[in-house]
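Please read the structure below before turning to the comments.
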Amino acid sequence: MNPLAEVEDLHIHFGPARAVDGVSLKIMPGEVLALVGESGSGKTTLVRAIQGLQPSTAGTMRLDGTTSAGSVRKHIRTIFHDPGVQMVFQDPTGALNPRQTVYEIVAEGLRISGQVTDEEQRVAMALSRAGLRPPESFFGRFPHEISGGQKQRVVIAGAMVMEPRLLLADEPVASLDASIRGEILALLRGLVDDHGLAVLVVTHDLGLAWNIADRVAVMYLGRIVETGPTEEILQRPRHPYTQALLSVVPEATGLEQQILTGEIPDPARIPTGCRFHPRCPLLQSGTLSPEIARRCVDDDPGIIGVEDVAAAACWAVIDAPQAG
Amino acid sequence: MSEPLLSLEDLTITYHTSSGPVPAVRGVSLYLARGGSLGLAGESGCGKSTLANSLLRLLPSGTDVSGRIRLDGNDVLDLSPGRLRAVRWTAGAIIFQGALHALNPVQTVGEQIAEPLLVHEILDSRQVARSRAAELLERVGMPAARANSYPHQLSGGQRQRVLIAMALACDPLLLIADEPTTALDLMVQAQVLALLEELRRERDLTLLFITHDLSVLTYICEDLAVMYAGRIVEHGPSGKVFADGAHPYTRALSAAFPTIGDPAARMAPSGLGGDPPTPGNLPVGCPFHPRCPLAEERCLVAEPELRPAGPDRGAACILV
Amino acid sequence: MSLAMQRRRATAARVGKQFRDSRSGMIGLGILAVFVVMALAAPLLADANQLNPVFARNAGNPQWATPGEFGPLGTDHIRRSVWAQFVWGSRVSLFVGLAATVLTILIGSVIGIVSGFFGRRTDAVLMRLTEWFLVIPFLPLAIVLASVLGRSVWNIIFVIGITSWPSTARLVRAQVLTVKQRLFVDRAKSLGAGGPHIVARHILPNVSGLILANATLAVPVSILTETTLAFLGLGDPASASWGKTLEEAFANGAMIRNAWWYFVPAGLGILAVVLAFTLVGRTLEEIANPRLGGDR
């Protein structure tokens, strides 16, 4: 099966700050990929670039095999635009124009792209699919008249009405109350199962990835450091950063806590060699062989992200003696 | 048994808004022994932040507060303004949510940590207060030199540490933490929680930790109380309440924080329909019944009181 | 689209109710209503001929008559009815005030929106232009323009408009910058919206409240500016504005003669109208702001 979307060696630099420093990804149709990381990892910048809200410095993106149309500007900064890619935002209250009705919000995408036939029907269908029933009762309402969960459903409906093939969800439930997150997540998973949609979810919440993701990609300081099927990555993580993250998740299952010191470094001063090495508990433990330890400090483990199996950008993993 | 450090008896708090009275807290009673740690969990509108602010009488004037709040032998609601000011920060201190807004953007963090020391005349020289502030900064894991930084120059995690340092300035007996780790990254959250735990043990602090993230509470608090619609609907030892809640709301809330590795949660996100109730507009009978998977007709009759649900546990549900 | 109409009616009803609830707003509106009616009904209230000194002399009007001796407000130094000047003056003052404000708001809003929306170089250029106009000393410019263009009502309107737009532009630009950052603009972009759509559907509706409030507060400024220009002798000699009345009163010794009926009405008229617009404008601003604040 061919990938639905591919990102190849994407770079997004803001002057000296390398927010996204070489990311490659592929997303298959009908799957949910969770992009996990802390703030400063570049995950939000990456997703905004895929949506076309952020120019990128280098790299390509392909949807369905065709390179996305871009507008090439003076400094080779391209912006990707494709109606097949739609976005669900973190803050549903901010994402809705308080002066527009729910109908106008959902219909907006259709109107912009000039799709005038059956507008009312399509809007009703999208609202209904997003769980707002009966849809007509929501047409005339304003954002301040509906709850947080309902607002997010309106955002989802506004994205689904465009019949996207790829949905980008930036922390879709982070600003919602805990008791209603499950329904929104179930809705997203349902859209994948019923319509063959692919979803790229950006989140800091590993529990969310466990709930709905098929695959997980962990980002650190602008690169993907580990990727693979959810069960593998969340239960048998191999990269020390992923291991540390999982050990401090409050809902973790009995892993010994590894609290890293310090914070994610400034993206304008990315460490040499493996960018995680200054904080790496494995390197600090002294149990690595001198050859591997030297590689950690001097050599960049490279870009991962498009492998079919689990992969970790860590010399201790790459150079591990193969089991017999 | 010695008197609890903090005891609330039938605390009821009603705001007065332009659209009428809003009952944010409706008859909450709880007790916190010296050296203990209690987590208060709930979602938006449940009243937990209102409750936190009421402990030091920080609510807007005109708010109706009835019931009793006893803190270190003082009846907080009855204190004269002078005594109240003396008690604030020395008996109990609050770590607020949203560190960027809780800090004055035009003062260095060192000055802000030193402020309570000077206000309460614990130290009377600016210089000594500043060096105490630097010491406190180091205690919370930041280099003393950072005392000269302004809030916007610090990261989220660092600002939160500054708030903790500020709260500890007058050596309070009770530390009230209102959503202290909500906006923080996973690793920074772990660092802050570990710090709080360390400080608690070192100074024999009593901790009241308020959050919507139930899983965090089980890590740092011995006991747990769950709030819904202004009341406590369940309480008990935190591990047991989280793992096996007696009240259907507690169970639903726990399920929203799936355990990684639990096959039952894989591809099965669990949540409740509807929305948390708005304080001015509560359903009849049990306020949870519209969203409760186990609701029966009896649930519409009256609001259930807390009833025993095991040793040291209680739940406000007729099905218990 | 019936939904759009319904929505517009609902918004208008909401604003109307909030306005009615504001005592200061209603007082302002009341005062305004009085003067607007006076301006519109001028022919019915006072004979325009009484503004003509030749007619006044031929009609045998006394000079410097007190209100008791002639008409509701007496006469001036060349026998004209002061009441007629007051009534007809309201027309000019209100008209110039409103027209100049329309010009100010038009120029200011367009520049503010273009500058705020396009940003970068466009913004830099337009802001330098704005600052240039902002620092030009108003009076010398007005004098120069008046002498170059001649002293007519339309030129006064032009002068006021040309010198007042910078503050509107800066206000609008600031609001546009704020709205531009809002997440719903990102959402529109991700749906494929281009600049015109975003400005028309997202920026304008969230800026229009502020513009309206600003406009209402700009009218008294325009009226006072016109008064100042007329008082300094730069006004249209043919028109009978309140500023002109004040200028003539002072120039012809009304103060010395204690002929209060000549300058007090015009002065009070200006005060009342300015106050009225300010009250209405402030009320509108209060109504507009919570909605613009938007987020929960």
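Following the order of the structure tokens, first chain is A, next is B, and so on, with residues numbered from 1 inside each chain and ligands from 1 in the order they appear.
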Counting only C-alpha atoms, what is within 10 Å of Lys180 of chain C, bar same-chain residues fewer than 2 positions away, as a VMD selection string?
chain C and resid 116 to 117 174 to 178 182 to 186 198 to 199 202 to 203
Write out as a count of residues only which residues come within 7 Å of Cys170 of chain B when counting only C-alpha atoms, dropping same-chain ones fewer than 5 positions away.
4
What are the nearest atom pairs, with distances in Å to one decimal, for all residues of chain A that come at most 10 Å from chain C, using only C-alpha atoms, set out by chain and rising residue number as a tab-separated table?
residue	atom	partner	partner_atom	distance
A:Arg48	CA	C:Ser190	CA	9.1
A:Gln51	CA	C:Ser190	CA	6.3
A:Gly52	CA	C:Ser190	CA	6.6
A:Leu53	CA	C:Ser190	CA	6.6
A:His81	CA	C:Gly192	CA	7.5
A:Asp82	CA	C:Gly192	CA	8.1
A:Pro83	CA	C:Leu191	CA	7.0
A:Gly84	CA	C:Leu191	CA	9.9
A:Val85	CA	C:Ser190	CA	8.5
A:Gln86	CA	C:Ser190	CA	6.8
A:Met87	CA	C:Ser190	CA	7.0
A:Val88	CA	C:Arg187	CA	8.4
A:Phe89	CA	C:Arg187	CA	8.0
A:Gln90	CA	C:Leu183	CA	9.2
A:Asp91	CA	C:Leu183	CA	7.8
A:Pro92	CA	C:Leu183	CA	8.7
A:Thr93	CA	C:Asp295	CA	6.4
A:Gly94	CA	C:Leu183	CA	5.2
A:Ala95	CA	C:Phe184	CA	4.0
A:Leu96	CA	C:Phe184	CA	5.2
A:Asn97	CA	C:Phe184	CA	5.6
A:Pro98	CA	C:Gly294	CA	6.1
A:Arg99	CA	C:Pro205	CA	7.0
A:Gln100	CA	C:Arg201	CA	8.8
A:Thr101	CA	C:Arg7	CA	8.0
A:Tyr103	CA	C:Leu3	CA	8.7
A:Glu104	CA	C:Ala4	CA	9.0
A:Ile105	CA	C:Ala188	CA	9.3
A:Glu108	CA	C:Leu191	CA	7.8
A:Gly109	CA	C:Leu191	CA	5.2
A:Leu110	CA	C:Leu191	CA	8.6
A:Arg111	CA	C:Ala193	CA	9.5
A:Ile112	CA	C:Ala193	CA	6.0
A:Ser113	CA	C:Gly192	CA	7.2
A:Phe139	CA	C:Leu3	CA	8.4
A:Gly140	CA	C:Leu3	CA	6.8
A:Arg141	CA	C:Arg7	CA	9.3
A:Phe142	CA	C:Arg7	CA	9.4
A:Pro143	CA	C:Gly294	CA	9.6
A:His144	CA	C:Arg296	CA	7.6
A:Gly148	CA	C:Arg296	CA	9.9
A:Val155	CA	C:Arg187	CA	9.0
A:Gly158	CA	C:Leu191	CA	8.9
A:Ala159	CA	C:Leu191	CA	8.0
A:Met162	CA	C:Leu191	CA	8.5
Against chain B, which residues of chain A fall within 8 Å? For each one I want the closest pair of atoms and the distance in Å (one decimal), counting only C-alpha atoms, rows by chain and increasing residue number, as JSON lines.
{"residue": "A:Glu38", "atom": "CA", "partner": "B:Asp185", "partner_atom": "CA", "distance": 5.6}
{"residue": "A:Ser39", "atom": "CA", "partner": "B:Asp185", "partner_atom": "CA", "distance": 6.7}
{"residue": "A:Ser147", "atom": "CA", "partner": "B:Asp275", "partner_atom": "CA", "distance": 7.3}
{"residue": "A:Gly149", "atom": "CA", "partner": "B:Asp275", "partner_atom": "CA", "distance": 7.5}
{"residue": "A:Asp177", "atom": "CA", "partner": "B:Glu43", "partner_atom": "CA", "distance": 6.0}
{"residue": "A:Ala178", "atom": "CA", "partner": "B:Ala256", "partner_atom": "CA", "distance": 6.1}
{"residue": "A:Ser179", "atom": "CA", "partner": "B:Gly271", "partner_atom": "CA", "distance": 5.2}
{"residue": "A:Ile180", "atom": "CA", "partner": "B:Gly271", "partner_atom": "CA", "distance": 5.3}
{"residue": "A:Arg181", "atom": "CA", "partner": "B:Gly271", "partner_atom": "CA", "distance": 6.1}
{"residue": "A:Gly182", "atom": "CA", "partner": "B:Gly271", "partner_atom": "CA", "distance": 3.9}
{"residue": "A:Glu183", "atom": "CA", "partner": "B:Gly271", "partner_atom": "CA", "distance": 5.4}
{"residue": "A:Leu185", "atom": "CA", "partner": "B:Pro269", "partner_atom": "CA", "distance": 6.2}
{"residue": "A:Ala186", "atom": "CA", "partner": "B:Pro269", "partner_atom": "CA", "distance": 5.7}
{"residue": "A:Arg189", "atom": "CA", "partner": "B:Met267", "partner_atom": "CA", "distance": 7.8}
{"residue": "A:His204", "atom": "CA", "partner": "B:Leu186", "partner_atom": "CA", "distance": 7.3}
{"residue": "A:Leu206", "atom": "CA", "partner": "B:Ile260", "partner_atom": "CA", "distance": 7.7}
{"residue": "A:Gly207", "atom": "CA", "partner": "B:Pro258", "partner_atom": "CA", "distance": 5.6}
{"residue": "A:Leu208", "atom": "CA", "partner": "B:Pro258", "partner_atom": "CA", "distance": 7.9}
{"residue": "A:Trp210", "atom": "CA", "partner": "B:Arg266", "partner_atom": "CA", "distance": 5.9}
{"residue": "A:Asn211", "atom": "CA", "partner": "B:Met267", "partner_atom": "CA", "distance": 4.9}
{"residue": "A:Ile212", "atom": "CA", "partner": "B:Met267", "partner_atom": "CA", "distance": 4.8}
{"residue": "A:Ala213", "atom": "CA", "partner": "B:Met267", "partner_atom": "CA", "distance": 7.4}
{"residue": "A:Glu231", "atom": "CA", "partner": "B:Gly261", "partner_atom": "CA", "distance": 7.6}
{"residue": "A:Leu234", "atom": "CA", "partner": "B:Ile260", "partner_atom": "CA", "distance": 7.1}
{"residue": "A:Gln235", "atom": "CA", "partner": "B:Gly261", "partner_atom": "CA", "distance": 6.4}
{"residue": "A:Leu245", "atom": "CA", "partner": "B:Met187", "partner_atom": "CA", "distance": 6.6}
{"residue": "A:Val248", "atom": "CA", "partner": "B:Ala190", "partner_atom": "CA", "distance": 6.0}
{"residue": "A:Val249", "atom": "CA", "partner": "B:Leu186", "partner_atom": "CA", "distance": 7.0}
{"residue": "A:Pro250", "atom": "CA", "partner": "B:Ser215", "partner_atom": "CA", "distance": 5.5}
{"residue": "A:Glu251", "atom": "CA", "partner": "B:Thr259", "partner_atom": "CA", "distance": 5.0}
{"residue": "A:Ala252", "atom": "CA", "partner": "B:Ile260", "partner_atom": "CA", "distance": 6.0}
{"residue": "A:Thr253", "atom": "CA", "partner": "B:Ile260", "partner_atom": "CA", "distance": 6.8}
{"residue": "A:Ile259", "atom": "CA", "partner": "B:Gln191", "partner_atom": "CA", "distance": 6.4}
{"residue": "A:Leu260", "atom": "CA", "partner": "B:Met187", "partner_atom": "CA", "distance": 6.9}
{"residue": "A:Thr261", "atom": "CA", "partner": "B:Gln191", "partner_atom": "CA", "distance": 7.9}
{"residue": "A:Glu263", "atom": "CA", "partner": "B:Val188", "partner_atom": "CA", "distance": 7.3}
Near Leu58 of chain B, within 12 Å and counting only C-alpha atoms, which residues show up once chain neighbours fewer than 2 positions away are dropped, as a JSON list (two decimals) with C-alpha atoms, in the first residue's frame?
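Below you can see out15.json, which holds the result:
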[["chain", "number", "residue", "atom", "x", "y", "z"],
["B", 49, "SER", "CA", -10.37, 26.88, 42.79],
["B", 50, "THR", "CA", -13.06, 28.81, 44.64],
["B", 51, "LEU", "CA", -12.47, 26.59, 47.62],
["B", 52, "ALA", "CA", -8.70, 27.10, 47.44],
["B", 53, "ASN", "CA", -9.07, 30.87, 47.35],
["B", 54, "SER", "CA", -11.51, 30.87, 50.23],
["B", 55, "LEU", "CA", -8.99, 29.33, 52.61],
["B", 56, "LEU", "CA", -7.09, 32.61, 52.81],
["B", 60, "PRO", "CA", -14.00, 38.89, 45.60],
["B", 61, "SER", "CA", -15.76, 41.05, 48.17],
["B", 62, "GLY", "CA", -19.46, 40.51, 48.29],
["B", 63, "THR", "CA", -19.12, 36.75, 47.95],
["B", 65, "VAL", "CA", -19.13, 32.47, 52.51],
["B", 76, "VAL", "CA", -10.32, 32.09, 59.17],
["B", 77, "LEU", "CA", -13.73, 33.51, 58.39],
["B", 84, "LEU", "CA", -5.95, 37.76, 58.69],
["B", 85, "ARG", "CA", -2.97, 39.51, 57.16],
["B", 88, "ARG", "CA", -1.81, 34.78, 55.30],
["B", 89, "TRP", "CA", 1.38, 33.30, 53.97],
["B", 93, "ALA", "CA", 0.48, 29.89, 51.38],
["B", 94, "ILE", "CA", -0.82, 29.36, 47.86],
["B", 96, "PHE", "CA", -1.14, 29.73, 41.98]]
